[in-house]
>>> print(open('structure_20.pdb').read())   # PDB, C-alpha atoms
ATOM      1  CA  MET A   1      32.351 -54.605  78.045
ATOM      2  CA  GLN A   2      34.296 -57.853  78.170
ATOM      3  CA  ARG A   3      37.878 -57.805  79.350
ATOM      4  CA  GLY A   4      39.227 -59.084  76.013
ATOM      5  CA  ALA A   5      37.491 -56.363  73.995
ATOM      6  CA  ARG A   6      38.641 -53.677  76.416
ATOM      7  CA  PHE A   7      42.204 -54.971  76.213
ATOM      8  CA  TRP A   8      42.270 -54.655  72.427
ATOM      9  CA  ILE A   9      40.612 -51.231  72.404
ATOM     10  CA  VAL A  10      43.239 -49.915  74.840
ATOM     11  CA  THR A  11      45.988 -51.624  72.836
ATOM     12  CA  VAL A  12      44.880 -50.025  69.565
ATOM     13  CA  ALA A  13      44.495 -46.593  71.186
ATOM     14  CA  ALA A  14      47.932 -46.852  72.803
ATOM     15  CA  GLY A  15      49.454 -47.978  69.516
ATOM     16  CA  VAL A  16      47.961 -45.012  67.648
ATOM     17  CA  ALA A  17      49.109 -42.565  70.347
ATOM     18  CA  LEU A  18      52.582 -44.114  70.432
ATOM     19  CA  ALA A  19      52.927 -43.975  66.636
ATOM     20  CA  THR A  20      51.683 -40.362  66.523
ATOM     21  CA  THR A  21      53.989 -39.030  69.238
ATOM     22  CA  THR A  22      56.984 -40.907  67.808
ATOM     23  CA  ALA A  23      56.260 -39.540  64.320
ATOM     24  CA  LEU A  24      55.991 -36.002  65.713
ATOM     25  CA  GLY A  25      59.280 -36.450  67.542
ATOM     26  CA  LEU A  26      60.993 -37.657  64.370
ATOM     27  CA  TRP A  27      59.465 -34.746  62.441
ATOM     28  CA  GLN A  28      60.845 -32.203  64.910
ATOM     29  CA  TRP A  29      64.203 -33.977  64.826
ATOM     30  CA  GLY A  30      64.217 -33.673  61.040
ATOM     31  CA  ARG A  31      63.308 -29.988  61.312
ATOM     32  CA  ALA A  32      66.328 -29.472  63.575
ATOM     33  CA  GLU A  33      68.590 -31.136  61.003
ATOM     34  CA  THR A  34      67.094 -28.957  58.256
ATOM     35  CA  LYS A  35      67.724 -25.807  60.311
ATOM     36  CA  ARG A  36      71.313 -26.925  60.981
ATOM     37  CA  ALA A  37      71.861 -27.399  57.250
ATOM     38  CA  LEU A  38      70.308 -23.988  56.564
ATOM     39  CA  LEU A  39      72.550 -22.305  59.127
ATOM     40  CA  ALA A  40      75.597 -24.029  57.639
ATOM     41  CA  GLN A  41      74.581 -22.894  54.162
ATOM     42  CA  GLN A  42      74.052 -19.333  55.368
ATOM     43  CA  GLN A  43      77.457 -19.346  57.053
ATOM     44  CA  ALA A  44      79.074 -20.624  53.846
ATOM     45  CA  GLN A  45      77.333 -17.866  51.892
ATOM     46  CA  ARG A  46      78.542 -15.246  54.370
ATOM     47  CA  ASP A  47      82.122 -16.536  54.124
ATOM     48  CA  ALA A  48      82.157 -16.473  50.305
ATOM     49  CA  PRO A  49      83.686 -13.495  48.438
ATOM     50  CA  ALA A  50      81.431 -10.499  47.836
ATOM     51  CA  LEU A  51      79.549 -10.406  44.528
ATOM     52  CA  ASP A  52      79.689  -7.539  42.055
ATOM     53  CA  TRP A  53      77.172  -6.372  39.466
ATOM     54  CA  ASP A  54      78.493  -8.681  36.742
ATOM     55  CA  GLU A  55      78.017 -11.776  38.906
ATOM     56  CA  VAL A  56      74.568 -10.695  40.068
ATOM     57  CA  ARG A  57      73.420  -9.929  36.515
ATOM     58  CA  GLY A  58      74.830 -13.238  35.275
ATOM     59  CA  ALA A  59      72.945 -15.183  37.943
ATOM     60  CA  ALA A  60      69.756 -13.270  37.123
ATOM     61  CA  ALA A  61      70.116 -14.107  33.422
ATOM     62  CA  GLN A  62      70.379 -17.804  34.333
ATOM     63  CA  GLY A  63      67.459 -17.641  36.780
ATOM     64  CA  ARG A  64      69.778 -18.527  39.696
ATOM     65  CA  LEU A  65      69.506 -15.488  41.932
ATOM     66  CA  ASP A  66      67.807 -17.506  44.676
ATOM     67  CA  VAL A  67      70.903 -19.740  44.911
ATOM     68  CA  LEU A  68      72.937 -16.674  45.897
ATOM     69  CA  HIS A  69      70.662 -15.497  48.702
ATOM     70  CA  GLY A  70      72.835 -14.723  51.699
ATOM     71  CA  ARG A  71      75.957 -13.933  49.682
ATOM     72  CA  ALA A  72      77.769 -10.706  50.448
ATOM     73  CA  VAL A  73      77.581  -8.047  47.760
ATOM     74  CA  ARG A  74      79.635  -4.906  47.179
ATOM     75  CA  LEU A  75      77.945  -2.766  44.562
ATOM     76  CA  ARG A  76      78.626   0.693  43.206
ATOM     77  CA  GLY A  77      75.783   2.714  41.776
ATOM     78  CA  ARG A  78      73.443   5.641  42.168
ATOM     79  CA  TRP A  79      70.513   5.909  44.561
ATOM     80  CA  VAL A  80      67.155   6.490  42.882
ATOM     81  CA  HIS A  81      65.924   8.757  45.691
ATOM     82  CA  GLU A  82      62.576   9.566  44.078
ATOM     83  CA  ALA A  83      61.660   5.881  44.328
ATOM     84  CA  THR A  84      62.354   5.525  48.071
ATOM     85  CA  VAL A  85      59.588   3.585  49.792
ATOM     86  CA  TYR A  86      58.780   3.112  53.483
ATOM     87  CA  LEU A  87      57.289  -0.349  53.997
ATOM     88  CA  ASP A  88      54.617  -0.066  56.674
ATOM     89  CA  ASN A  89      53.746  -2.442  59.535
ATOM     90  CA  ARG A  90      57.273  -3.756  60.069
ATOM     91  CA  PRO A  91      57.659  -3.801  63.871
ATOM     92  CA  LEU A  92      61.012  -4.336  65.583
ATOM     93  CA  HIS A  93      61.289  -5.346  69.243
ATOM     94  CA  GLY A  94      57.595  -4.560  69.688
ATOM     95  CA  GLN A  95      57.839  -1.039  68.268
ATOM     96  CA  GLY A  96      56.014   0.003  65.107
ATOM     97  CA  GLY A  97      58.061   1.221  62.187
ATOM     98  CA  PHE A  98      59.094   1.035  58.547
ATOM     99  CA  ILE A  99      61.677  -0.728  56.422
ATOM    100  CA  VAL A 100      63.279   1.886  54.152
ATOM    101  CA  VAL A 101      63.800   0.659  50.587
ATOM    102  CA  THR A 102      65.604   2.567  47.823
ATOM    103  CA  PRO A 103      66.580   1.231  44.384
ATOM    104  CA  LEU A 104      70.275   1.243  43.540
ATOM    105  CA  LEU A 105      70.973   1.730  39.836
ATOM    106  CA  ALA A 106      74.119   0.165  38.414
ATOM    107  CA  PRO A 107      76.586   2.271  36.398
ATOM    108  CA  ALA A 108      75.352   2.782  32.830
ATOM    109  CA  GLY A 109      71.851   1.820  34.026
ATOM    110  CA  THR A 110      72.259  -1.849  33.104
ATOM    111  CA  ALA A 111      70.512  -3.208  36.239
ATOM    112  CA  ALA A 112      68.988  -2.135  39.537
ATOM    113  CA  LEU A 113      68.290  -3.721  42.886
ATOM    114  CA  LEU A 114      65.990  -2.803  45.748
ATOM    115  CA  VAL A 115      68.150  -2.043  48.787
ATOM    116  CA  GLN A 116      66.619  -2.559  52.214
ATOM    117  CA  ARG A 117      68.512   0.235  53.918
ATOM    118  CA  GLY A 118      67.276  -0.287  57.455
ATOM    119  CA  TRP A 119      64.413   0.080  59.925
ATOM    120  CA  VAL A 120      63.125   3.372  61.323
ATOM    121  CA  PRO A 121      60.486   3.872  64.047
ATOM    122  CA  ARG A 122      57.077   5.338  63.319
ATOM    123  CA  ASP A 123      56.277   8.784  64.706
ATOM    124  CA  PRO A 124      53.432   8.095  67.203
ATOM    125  CA  ARG A 125      52.160  11.680  66.810
ATOM    126  CA  ASP A 126      51.994  11.626  63.013
ATOM    127  CA  ARG A 127      51.557   8.243  61.339
ATOM    128  CA  ALA A 128      52.105   9.778  57.894
ATOM    129  CA  ARG A 129      55.491  11.288  58.793
ATOM    130  CA  VAL A 130      58.636   9.561  57.550
ATOM    131  CA  PRO A 131      62.193  10.648  58.331
ATOM    132  CA  PRO A 132      63.907  12.143  55.240
ATOM    133  CA  LEU A 133      67.062  10.339  54.151
ATOM    134  CA  GLU A 134      70.352  11.834  53.154
ATOM    135  CA  ALA A 135      70.097  12.459  49.408
ATOM    136  CA  ALA A 136      73.639  11.506  48.434
ATOM    137  CA  ASP A 137      74.167  12.379  44.799
ATOM    138  CA  GLY A 138      76.677  10.672  42.574
ATOM    139  CA  GLU A 139      78.065   7.159  42.825
ATOM    140  CA  VAL A 140      78.015   5.321  46.149
ATOM    141  CA  GLU A 141      79.233   1.908  47.298
ATOM    142  CA  VAL A 142      76.753  -0.343  49.065
ATOM    143  CA  GLU A 143      77.661  -3.432  51.093
ATOM    144  CA  GLY A 144      75.092  -5.974  52.151
ATOM    145  CA  ARG A 145      73.620  -9.428  51.670
ATOM    146  CA  LEU A 146      71.672 -10.595  48.657
ATOM    147  CA  ALA A 147      68.143 -11.530  49.740
ATOM    148  CA  PRO A 148      64.698 -12.208  48.283
ATOM    149  CA  PRO A 149      62.534  -9.161  47.523
ATOM    150  CA  PRO A 150      61.061  -7.533  50.658
ATOM    151  CA  SER A 151      58.540  -9.831  52.334
ATOM    152  CA  ARG A 152      54.901  -9.265  51.443
ATOM    153  CA  LEU A 153      52.182  -8.689  54.032
ATOM    154  CA  PHE A 154      48.471  -9.268  53.575
ATOM    155  CA  GLN A 155      46.654  -6.269  52.169
ATOM    156  CA  LEU A 156      43.269  -5.417  50.699
ATOM    157  CA  GLY A 157      43.363  -4.007  47.190
ATOM    158  CA  ALA A 158      46.258  -3.045  44.962
ATOM    159  CA  ASP A 159      49.597  -1.647  46.114
ATOM    160  CA  ALA A 160      49.329   2.031  46.986
ATOM    161  CA  ARG A 161      51.433   4.745  45.367
ATOM    162  CA  GLY A 162      53.486   7.168  47.408
ATOM    163  CA  PRO A 163      56.323   6.829  49.906
ATOM    164  CA  ILE A 164      54.391   4.725  52.487
ATOM    165  CA  ARG A 165      53.345   1.326  51.161
ATOM    166  CA  GLN A 166      52.412  -2.053  52.514
ATOM    167  CA  ASN A 167      54.333  -4.064  49.902
ATOM    168  CA  ILE A 168      56.537  -3.761  46.839
ATOM    169  CA  ASP A 169      55.948  -5.896  43.768
ATOM    170  CA  VAL A 170      59.216  -5.970  41.815
ATOM    171  CA  ALA A 171      57.634  -6.172  38.367
ATOM    172  CA  ALA A 172      55.118  -3.408  39.110
ATOM    173  CA  ALA A 173      57.812  -1.210  40.666
ATOM    174  CA  ALA A 174      60.075  -1.706  37.649
ATOM    175  CA  ALA A 175      57.292  -0.510  35.373
ATOM    176  CA  GLU A 176      56.335   2.395  37.653
ATOM    177  CA  TRP A 177      59.875   3.719  38.047
ATOM    178  CA  ARG A 178      61.127   2.534  34.632
ATOM    179  CA  LEU A 179      64.042   0.684  36.190
ATOM    180  CA  PRO A 180      65.650  -2.652  35.190
ATOM    181  CA  LEU A 181      64.960  -4.159  38.622
ATOM    182  CA  LEU A 182      66.262  -7.656  39.291
ATOM    183  CA  ALA A 183      64.112 -10.133  41.238
ATOM    184  CA  ALA A 184      66.043  -9.800  44.483
ATOM    185  CA  SER A 185      67.037  -7.224  47.064
ATOM    186  CA  VAL A 186      70.022  -6.244  49.173
ATOM    187  CA  GLN A 187      69.880  -6.078  52.951
ATOM    188  CA  GLN A 188      72.402  -3.329  53.629
ATOM    189  CA  VAL A 189      74.876  -3.820  56.462
ATOM    190  CA  GLY A 190      77.038  -1.433  58.415
ATOM    191  CA  GLN A 191      76.363   0.884  61.315
ATOM    192  CA  GLY A 192      76.087   4.606  61.770
ATOM    193  CA  ALA A 193      73.604   5.368  58.986
ATOM    194  CA  ARG A 194      71.106   8.077  59.897
ATOM    195  CA  ALA A 195      68.309  10.059  58.316
ATOM    196  CA  ARG A 196      68.669  13.814  57.943
ATOM    197  CA  ASP A 197      66.783  14.403  61.190
ATOM    198  CA  GLY A 198      69.174  12.138  63.092
ATOM    199  CA  THR A 199      66.926   9.057  63.168
ATOM    200  CA  PRO A 200      69.219   5.989  63.050
ATOM    201  CA  LEU A 201      68.662   3.255  60.483
ATOM    202  CA  VAL A 202      68.606  -0.037  62.377
ATOM    203  CA  ARG A 203      70.017  -2.941  60.384
ATOM    204  CA  GLU A 204      69.032  -6.127  62.200
ATOM    205  CA  TRP A 205      68.224  -8.747  59.592
ATOM    206  CA  PRO A 206      66.882 -12.135  60.754
ATOM    207  CA  VAL A 207      68.853 -15.282  59.951
ATOM    208  CA  VAL A 208      66.740 -18.230  61.177
ATOM    209  CA  ALA A 209      63.357 -17.788  62.857
ATOM    210  CA  VAL A 210      63.523 -20.911  65.067
ATOM    211  CA  PRO A 211      66.938 -22.239  66.181
ATOM    212  CA  PRO A 212      67.641 -25.992  65.878
ATOM    213  CA  GLU A 213      67.809 -26.343  69.660
ATOM    214  CA  LYS A 214      64.129 -25.483  69.997
ATOM    215  CA  HIS A 215      63.152 -28.211  67.541
ATOM    216  CA  LEU A 216      65.329 -30.671  69.491
ATOM    217  CA  ALA A 217      63.520 -29.657  72.683
ATOM    218  CA  TYR A 218      60.164 -30.298  70.994
ATOM    219  CA  ALA A 219      61.429 -33.680  69.735
ATOM    220  CA  THR A 220      62.547 -34.618  73.257
ATOM    221  CA  GLN A 221      59.102 -33.775  74.629
ATOM    222  CA  TRP A 222      57.351 -35.929  72.009
ATOM    223  CA  PHE A 223      59.736 -38.853  72.599
ATOM    224  CA  ALA A 224      59.246 -38.529  76.362
ATOM    225  CA  LEU A 225      55.466 -38.610  75.874
ATOM    226  CA  ALA A 226      55.830 -41.702  73.670
ATOM    227  CA  GLY A 227      57.915 -43.338  76.397
ATOM    228  CA  LEU A 228      55.293 -42.446  79.005
ATOM    229  CA  ILE A 229      52.507 -43.970  76.891
ATOM    230  CA  ALA A 230      54.526 -47.146  76.392
ATOM    231  CA  GLY A 231      55.336 -47.353  80.104
ATOM    232  CA  LEU A 232      51.716 -46.839  81.196
ATOM    233  CA  TYR A 233      50.513 -49.438  78.709
ATOM    234  CA  VAL A 234      52.996 -52.050  79.909
ATOM    235  CA  TRP A 235      52.144 -51.325  83.555
ATOM    236  CA  PHE A 236      48.336 -51.255  83.344
ATOM    237  CA  GLN A 237      47.841 -53.800  80.553
ATOM    238  CA  LEU A 238      50.533 -56.383  81.306
ATOM    239  CA  ILE A 239      52.236 -56.095  84.689
ATOM    240  CA  LEU A 240      49.332 -55.011  86.923
ATOM    241  CA  PRO A 241      46.859 -57.706  85.681
ATOM    242  CA  ARG A 242      49.483 -60.389  86.314
ATOM    243  CA  ARG A 243      50.110 -59.146  89.831
ATOM    244  CA  ARG A 244      46.388 -59.183  90.559
ATOM    245  CA  ARG A 245      46.001 -62.736  89.301
ATOM    246  CA  ARG A 246      48.735 -63.862  91.681
TER     247      ARG A 246
END
>>> encode(input="structure_20.pdb", output="structure tokens")
Amino acid sequence: MQRGARFWIVTVAAGVALATTTALGLWQWGRAETKRALLAQQQAQRDAPALDWDEVRGAAAQGRLDVLHGRAVRLRGRWVHEATVYLDNRPLHGQGGFIVVTPLLAPAGTAALLVQRGWVPRDPRDRARVPPLEAADGEVEVEGRLAPPPSRLFQLGADARGPIRQNIDVAAAAAEWRLPLLAASVQQVGQGARARDGTPLVREWPVVAVPPEKHLAYATQWFALAGLIAGLYVWFQLILPRRRRR
């Protein structure tokens, strides 16, 4: 292969590699900025006054519930204990367990929300056993954060009936339990909650999966690789040939 042809092949390859690594670095930098904006939005939502049923119902009627995700809520209502569900395959810190979900019915039955009450570990000796919850009758006050409906996991076939389920579909659950469920949920906060057998309900709700700093680290690596490619190209394609000709 002639020297001129080899020079241009290396130049094109270096240009493509340099453009790719730079673009990846800029993409990761943009992801970091997006995560920063998301964290700022979540902090603003947490600092805003707690919502009540009227505000939640009003947002639902306008199709704006998703705008309020992360807002604090303080809701009074009645637990629908017969509709309590244990969402399966929700590990925490490497341990298998369930997310406990119970609908909360507003006074006068005008609306209901799925409340994610906390995480409980699975009994390794009996996979079908679930810890019974305190069946508080009458009106209760629930504090938490408005969130999307519980996350869905892959499953084969339709949603099962019974207390242990893989997923909850809000529309199907509303029809099954004959409840006016809104298309959202509440991640309950507060400590000290326990099942009747003493099993604690762990309430650790994720905020952001990947912090901005990790994206910045990835961006730095891509930019460093781009700099290395540029440096090697200049050395082997420009400086070294000139030194040899001298």
>>> resolve_selection(input="structure_20.pdb", expression="the PyMOL selection byres ((chain A and resi 230) around 12)", output="list in words")
Val10, Thr11, Ala13, Ala14, Gly15, Val16, Ala17, Leu18, Ala19, Thr21, Thr22, Phe223, Ala224, Leu225, Ala226, Gly227, Leu228, Ile229, Gly231, Leu232, Tyr233, Val234, Trp235, Phe236, Gln237 and Leu238 of chain A
>>> closest_residue(input="structure_20.pdb", among="A:Arg78, A:Arg152, A:Arg196, A:Arg203", to="Gln116 in chain A", atoms="only C-alpha atoms")
A:Arg203
>>> residues_near_point(input="structure_20.pdb", point="(70.4, 5.8, 56.0)", cutoff="12 Å", atoms="all atoms listed in the file", output="number ranges by chain")
A: 79, 81, 84, 99-102, 115-120, 131-136, 142, 188-203
>>> closest_residue(input="structure_20.pdb", among="A:Pro124, A:Gly77, A:Pro241, A:Pro211", to="Gly109 in chain A", atoms="all atoms listed in the file")
A:Gly77
>>> closest_residue(input="structure_20.pdb", among="A:Trp53, A:Trp8, A:Trp222, A:Phe98", to="Arg76 in chain A", atoms="all atoms listed in the file")
A:Trp53
>>> atom_distance(input="structure_20.pdb", atom1="CA of Leu65 in chain A", atom2="CA of Leu181 in chain A")
12.6 Å
>>> closest_residue(input="structure_20.pdb", among="A:Leu146, A:Pro103, A:Asp88, A:Gly4", to="Ala59 in chain A", atoms="all atoms listed in the file")
A:Leu146
>>> atom_distance(input="structure_20.pdb", atom1="CA of Trp205 in chain A", atom2="CA of Gln187 in chain A")
7.3 Å
>>> atom_distance(input="structure_20.pdb", atom1="CA of Glu33 in chain A", atom2="CA of Ala217 in chain A")
12.8 Å
>>> axis_aligned_box(input="structure_20.pdb", around="range 88-96 of chain A", padding_each_side="3 Å", output="AutoDock Vina command-line options")
--center_x 57.5 --center_y -2.7 --center_z 63.2 --size_x 13.5 --size_y 11.3 --size_z 19.0
>>> resolve_selection(input="structure_20.pdb", expression="the PyMOL selection byres ((chain A and resi 110) around 12)", output="list in words")
Trp53, Asp54, Val56, Arg57, Gly58, Gly77, Arg78, Leu104, Leu105, Ala106, Pro107, Ala108, Gly109, Ala111, Ala112, Leu113, Leu179, Pro180, Leu181 and Leu182 of chain A
>>> residues_around(input="structure_20.pdb", residues="Ile164 in chain A", least_positions_apart="6", cutoff="9 Å", atoms="all atoms listed in the file", output="list of chain:residue names")
A:Val85, A:Tyr86, A:Leu87, A:Asp88, A:Phe98, A:Ala128, A:Val130
>>> closest_residue(input="structure_20.pdb", among="A:Thr220, A:Ser185, A:Gln95, A:Asn89", to="Arg165 in chain A", atoms="all atoms listed in the file")
A:Asn89
>>> resolve_selection(input="structure_20.pdb", expression="the PyMOL selection byres ((chain A and resi 36) around 12)", output="count of residues only")
23
